[in-house]
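As stored in query28.cif (mmCIF, C-alpha atoms):
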data_target
#
loop_
_atom_site.group_PDB
_atom_site.id
_atom_site.type_symbol
_atom_site.label_atom_id
_atom_site.label_comp_id
_atom_site.auth_asym_id
_atom_site.auth_seq_id
_atom_site.Cartn_x
_atom_site.Cartn_y
_atom_site.Cartn_z
ATOM 1 C CA MET A 1 0.000 0.000 0.000
ATOM 2 C CA ALA A 2 3.020 2.339 -0.388
ATOM 3 C CA ILE A 3 3.203 2.304 3.401
ATOM 4 C CA ASP A 4 6.292 1.312 5.377
ATOM 5 C CA GLY A 5 4.699 1.094 8.787
ATOM 6 C CA THR A 6 1.931 1.924 11.182
ATOM 7 C CA VAL A 7 2.046 3.709 14.515
ATOM 8 C CA ASP A 8 -0.705 2.188 16.622
ATOM 9 C CA PHE A 9 -1.996 4.917 18.885
ATOM 10 C CA ALA A 10 -4.702 3.765 21.304
ATOM 11 C CA ARG A 11 -7.603 5.466 19.531
ATOM 12 C CA MET A 12 -6.435 5.692 15.925
ATOM 13 C CA PRO A 13 -3.408 4.380 14.061
ATOM 14 C CA VAL A 14 -1.475 6.413 11.515
ATOM 15 C CA ARG A 15 0.324 5.102 8.447
ATOM 16 C CA VAL A 16 3.920 6.120 7.737
ATOM 17 C CA GLN A 17 5.793 6.162 4.435
ATOM 18 C CA ILE A 18 9.558 6.743 4.660
ATOM 19 C CA LYS A 19 11.694 8.043 1.802
ATOM 20 C CA CYS A 20 15.481 8.385 2.008
ATOM 21 C CA THR A 21 17.404 10.734 -0.247
ATOM 22 C CA SER A 22 20.679 12.575 -0.587
ATOM 23 C CA LYS A 23 19.397 14.808 -3.382
ATOM 24 C CA PHE A 24 18.305 17.946 -1.552
ATOM 25 C CA SER A 25 20.017 20.492 0.653
ATOM 26 C CA VAL A 26 18.842 20.938 4.226
ATOM 27 C CA ARG A 27 20.295 24.446 4.197
ATOM 28 C CA GLY A 28 17.463 25.750 2.065
ATOM 29 C CA SER A 29 14.223 26.907 3.613
ATOM 30 C CA LYS A 30 12.177 24.261 1.801
ATOM 31 C CA PHE A 31 12.411 21.265 -0.494
ATOM 32 C CA THR A 32 9.966 19.348 -2.635
ATOM 33 C CA LEU A 33 9.473 15.600 -2.844
ATOM 34 C CA PRO A 34 8.003 14.468 -6.180
ATOM 35 C CA LEU A 35 5.156 11.990 -5.709
ATOM 36 C CA GLU A 36 4.352 9.042 -7.912
ATOM 37 C CA PRO A 37 0.682 8.635 -8.892
ATOM 38 C CA GLY A 38 0.594 5.118 -7.441
ATOM 39 C CA TRP A 39 1.651 6.426 -4.030
ATOM 40 C CA THR A 40 -0.953 9.169 -3.890
ATOM 41 C CA LYS A 41 -3.687 6.785 -5.033
ATOM 42 C CA LYS A 42 -2.868 4.376 -2.201
ATOM 43 C CA TRP A 43 -2.433 7.104 0.421
ATOM 44 C CA THR A 44 -5.755 8.653 -0.588
ATOM 45 C CA ALA A 45 -7.450 5.278 -0.070
ATOM 46 C CA SER A 46 -6.088 4.948 3.475
ATOM 47 C CA ASP A 47 -8.751 4.981 6.171
ATOM 48 C CA THR A 48 -6.353 6.647 8.618
ATOM 49 C CA PRO A 49 -3.916 9.578 8.296
ATOM 50 C CA VAL A 50 -0.741 9.021 6.286
ATOM 51 C CA PHE A 51 2.484 10.741 7.301
ATOM 52 C CA VAL A 52 5.360 10.988 4.855
ATOM 53 C CA VAL A 53 8.841 11.092 6.347
ATOM 54 C CA VAL A 54 11.835 12.148 4.263
ATOM 55 C CA VAL A 55 15.243 11.244 5.640
ATOM 56 C CA LYS A 56 18.169 13.238 4.280
ATOM 57 C CA VAL A 57 21.301 11.101 4.272
ATOM 58 C CA PRO A 58 24.814 11.893 3.013
ATOM 59 C CA SER A 59 25.498 10.899 -0.602
ATOM 60 C CA ASP A 60 28.494 8.893 0.655
ATOM 61 C CA ILE A 61 26.866 5.756 2.101
ATOM 62 C CA PRO A 62 29.681 5.006 4.588
ATOM 63 C CA GLY A 63 29.109 8.527 5.928
ATOM 64 C CA TRP A 64 25.606 7.675 7.158
ATOM 65 C CA LEU A 65 26.878 6.446 10.526
ATOM 66 C CA ASP A 66 29.692 7.308 12.935
ATOM 67 C CA TYR A 67 30.633 4.492 15.262
ATOM 68 C CA ASP A 68 32.278 5.078 18.622
ATOM 69 C CA VAL A 69 32.701 2.916 21.707
ATOM 70 C CA ALA A 70 30.159 5.059 23.562
ATOM 71 C CA PHE A 71 27.634 5.825 20.803
ATOM 72 C CA THR A 72 26.469 5.469 17.233
ATOM 73 C CA ARG A 73 25.644 8.732 15.486
ATOM 74 C CA HIS A 74 23.330 8.800 12.503
ATOM 75 C CA ASN A 75 24.368 11.571 10.122
ATOM 76 C CA ALA A 76 20.867 12.229 8.920
ATOM 77 C CA VAL A 77 17.991 14.600 9.406
ATOM 78 C CA ALA A 78 14.324 13.771 8.939
ATOM 79 C CA PHE A 79 11.273 15.778 7.993
ATOM 80 C CA GLY A 80 7.702 14.584 8.159
ATOM 81 C CA ARG A 81 4.176 15.773 7.714
ATOM 82 C CA ARG A 82 0.705 14.496 6.979
ATOM 83 C CA PHE A 83 -0.165 13.742 3.370
ATOM 84 C CA ASP A 84 -2.946 16.099 2.264
ATOM 85 C CA VAL A 85 -5.010 14.724 -0.602
ATOM 86 C CA THR A 86 -6.218 18.224 -1.559
ATOM 87 C CA THR A 87 -2.782 19.811 -2.035
ATOM 88 C CA ASP A 88 -0.242 16.999 -2.363
ATOM 89 C CA THR A 89 -1.282 15.772 -5.785
ATOM 90 C CA THR A 90 2.095 15.625 -7.557
ATOM 91 C CA SER A 91 4.573 16.689 -4.873
ATOM 92 C CA MET A 92 4.940 17.468 -1.179
ATOM 93 C CA MET A 93 6.740 20.531 0.113
ATOM 94 C CA PHE A 94 8.660 20.301 3.374
ATOM 95 C CA THR A 95 10.006 23.223 5.384
ATOM 96 C CA SER A 96 12.119 23.577 8.502
ATOM 97 C CA SER A 97 8.927 23.466 10.579
ATOM 98 C CA ASP A 98 8.439 19.864 9.374
ATOM 99 C CA ARG A 99 11.730 18.685 10.891
ATOM 100 C CA LEU A 100 11.126 15.681 13.124
ATOM 101 C CA THR A 101 11.876 16.044 16.814
ATOM 102 C CA GLY A 102 11.120 14.086 19.940
ATOM 103 C CA GLU A 103 7.768 15.879 20.095
ATOM 104 C CA SER A 104 6.676 14.929 16.580
ATOM 105 C CA ILE A 105 5.168 11.584 17.583
ATOM 106 C CA TYR A 106 2.971 13.334 20.159
ATOM 107 C CA GLU A 107 1.851 15.870 17.552
ATOM 108 C CA TRP A 108 0.930 13.005 15.230
ATOM 109 C CA ARG A 109 -1.015 11.326 18.044
ATOM 110 C CA ASP A 110 -2.877 14.524 18.900
ATOM 111 C CA LEU A 111 -3.786 15.056 15.246
ATOM 112 C CA ALA A 112 -4.970 11.446 14.924
ATOM 113 C CA TYR A 113 -7.166 11.877 17.992
ATOM 114 C CA ASP A 114 -8.578 15.146 16.638
ATOM 115 C CA ILE A 115 -9.451 13.295 13.435
ATOM 116 C CA ALA A 116 -11.024 10.438 15.418
ATOM 117 C CA ASP A 117 -13.080 12.988 17.378
ATOM 118 C CA GLY A 118 -14.188 14.805 14.209
ATOM 119 C CA VAL A 119 -12.398 18.015 15.217
ATOM 120 C CA VAL A 120 -10.404 18.019 11.945
ATOM 121 C CA THR A 121 -10.632 16.012 8.735
#
Would you mind giving the structure from this file in structure tokens?
Amino acid sequence: MAIDGTVDFARMPVRVQIKCTSKFSVRGSKFTLPLEPGWTKKWTASDTPVFVVVVKVPSDIPGWLDYDVAFTRHNAVAFGRRFDVTTDTTSMMFTSSDRLTGESIYEWRDLAYDIADGVVT
């Protein structure tokens, strides 16, 4: 279903699609992810919200991770937002406000619950 996973919140799950790329610059204020028609068709058919996550990785694959005795560092940054069937027809735009943080999962949960309660669509 063009979905990589599901986050099962107590009252409503959300679907998650993850895309990895090294093709855009995080330094810019925004970037655009082109969408394939098959993806949008499947996401539109989902009965629960779909979040698209874009992970920016270095173009040099060995540079994705730094190993140390005390830690492993992932040299990546991720952005994510809800797929919107009304505006995300051929592409999705991501901005710095879409950068994933430790709070993002709670924001997704709150949005899912608002959808379950009919507060938003």
List the residues matched by the PyMOL selection byres ((chain A and resi 67-77) around 12) in the displayed structure as a ChimeraX atom specification, ordered by chain and then by residue number.
-> /A:19-22,24-27,53-66,78-80,96,98-101
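One distance worth recording is that between CA of Lys42 (chain A) and CA of Asp88 (chain A), which is 12.9 Å.
For the atom pair formed by CA of Ser29 (chain A) and CA of Met93 (chain A), the distance is 10.4 Å, given to one decimal.
With all atoms listed in the file as the atoms that count, the residue of A:Thr32, A:Val14, A:Asp114, A:Glu103 with the shortest distance to Arg82 (chain A) is A:Val14.
Considering the residues A:Thr86, A:Thr6, A:Ser97, A:Thr121 and counting only C-alpha atoms, Phe51 (chain A) has its shortest atom-to-atom contact with A:Thr6.
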Nearest to Val7 (chain A), restricted to all atoms listed in the file and choosing among A:Met92, A:Leu111, A:Ile105, A:Val120, comes out as A:Ile105
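Among the candidate residues A:Ile115, A:Leu33, A:Ala2, A:Val85, the one lying nearest to Val16 (chain A) is A:Ala2, with distances computed using all atoms listed in the file.
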Once the PyMOL selection byres ((chain A and resi 30) around 6) has been applied to the shown file, what residues remain in the selection, as a tab-separated table (two decimals) with C-alpha atoms, in the coordinates of the input?
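Output file result.tsv follows:
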chain	number	residue	atom	x	y	z
A	28	GLY	CA	17.46	25.75	2.06
A	29	SER	CA	14.22	26.91	3.61
A	31	PHE	CA	12.41	21.26	-0.49
A	94	PHE	CA	8.66	20.30	3.37
A	95	THR	CA	10.01	23.22	5.38
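Taking CA of Thr48 (chain A) and CA of Tyr106 (chain A) as endpoints, the distance between them is 16.3 Å.
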Restricting to all atoms listed in the file, whichever of A:Ala112, A:Asp84, A:Ile3, A:Gly118 is closest to Gly38 (chain A) is A:Ile3
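Proximity ranking of A:Lys23, A:Phe9, A:Ser104, A:Thr40 relative to Ser91 (chain A) places A:Thr40 first, based on only C-alpha atoms.
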Return as AutoDock Vina command-line options the box centre and box size in Å, one decimal, for an axis-aligned box around all listed atoms of region 67-74 of chain A padded by 3 Å per side.
--center_x 28.0 --center_y 5.9 --center_z 18.0 --size_x 15.4 --size_y 11.9 --size_z 17.1
Can you put N, CA and C atoms back into region 45-72 of chain A and show it as a compact mmCIF listing (two decimals), keeping the file's coordinate frame?
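File rebuild-v9.txt, as written:
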# COMPACT_ATOMS: atom_id res chain seq x y z
N ALA A 45 -6.53 6.35 -0.45
CA ALA A 45 -7.45 5.28 -0.07
C ALA A 45 -7.32 4.87 1.40
N SER A 46 -6.29 5.34 2.08
CA SER A 46 -6.09 4.95 3.48
C SER A 46 -7.23 5.45 4.35
N ASP A 47 -7.67 4.60 5.27
CA ASP A 47 -8.75 4.98 6.17
C ASP A 47 -8.25 5.72 7.41
N THR A 48 -6.94 5.88 7.52
CA THR A 48 -6.35 6.65 8.62
C THR A 48 -5.31 7.60 8.04
N PRO A 49 -4.88 8.61 8.81
CA PRO A 49 -3.92 9.58 8.30
C PRO A 49 -2.62 8.91 7.84
N VAL A 50 -2.03 9.48 6.79
CA VAL A 50 -0.74 9.02 6.29
C VAL A 50 0.27 10.14 6.49
N PHE A 51 1.39 9.80 7.13
CA PHE A 51 2.48 10.74 7.30
C PHE A 51 3.63 10.30 6.41
N VAL A 52 4.21 11.26 5.71
CA VAL A 52 5.36 10.99 4.86
C VAL A 52 6.58 11.55 5.55
N VAL A 53 7.59 10.71 5.71
CA VAL A 53 8.84 11.09 6.35
C VAL A 53 9.94 11.03 5.29
N VAL A 54 10.69 12.11 5.17
CA VAL A 54 11.84 12.15 4.26
C VAL A 54 13.09 12.24 5.11
N VAL A 55 13.99 11.28 4.90
CA VAL A 55 15.24 11.24 5.64
C VAL A 55 16.36 11.67 4.70
N LYS A 56 17.04 12.74 5.07
CA LYS A 56 18.17 13.24 4.28
C LYS A 56 19.43 12.56 4.80
N VAL A 57 20.08 11.80 3.92
CA VAL A 57 21.30 11.10 4.27
C VAL A 57 22.44 11.62 3.40
N PRO A 58 23.69 11.48 3.85
CA PRO A 58 24.81 11.89 3.01
C PRO A 58 24.86 11.06 1.73
N SER A 59 25.39 11.64 0.66
CA SER A 59 25.50 10.90 -0.60
C SER A 59 26.53 9.78 -0.50
N ASP A 60 27.48 9.91 0.41
CA ASP A 60 28.49 8.89 0.66
C ASP A 60 27.93 7.90 1.68
N ILE A 61 27.55 6.71 1.22
CA ILE A 61 26.87 5.76 2.10
C ILE A 61 27.65 5.44 3.37
N PRO A 62 28.97 5.24 3.33
CA PRO A 62 29.68 5.01 4.59
C PRO A 62 29.59 6.19 5.56
N GLY A 63 29.24 7.36 5.07
CA GLY A 63 29.11 8.53 5.93
C GLY A 63 27.79 8.61 6.68
N TRP A 64 26.91 7.64 6.49
CA TRP A 64 25.61 7.68 7.16
C TRP A 64 25.72 7.50 8.66
N LEU A 65 26.74 6.75 9.10
CA LEU A 65 26.88 6.45 10.53
C LEU A 65 28.29 6.73 11.00
N ASP A 66 28.41 7.19 12.24
CA ASP A 66 29.69 7.31 12.94
C ASP A 66 29.64 6.35 14.11
N TYR A 67 30.58 5.45 14.15
CA TYR A 67 30.63 4.49 15.26
C TYR A 67 31.68 4.93 16.27
N ASP A 68 31.36 4.80 17.53
CA ASP A 68 32.28 5.08 18.62
C ASP A 68 32.00 4.04 19.70
N VAL A 69 32.91 3.87 20.62
CA VAL A 69 32.70 2.92 21.71
C VAL A 69 31.47 3.29 22.52
N ALA A 70 31.24 4.59 22.69
CA ALA A 70 30.16 5.06 23.56
C ALA A 70 28.85 5.34 22.83
N PHE A 71 28.86 5.44 21.51
CA PHE A 71 27.63 5.82 20.80
C PHE A 71 27.71 5.47 19.33
N THR A 72 26.57 5.51 18.69
CA THR A 72 26.47 5.47 17.23
C THR A 72 25.71 6.71 16.81
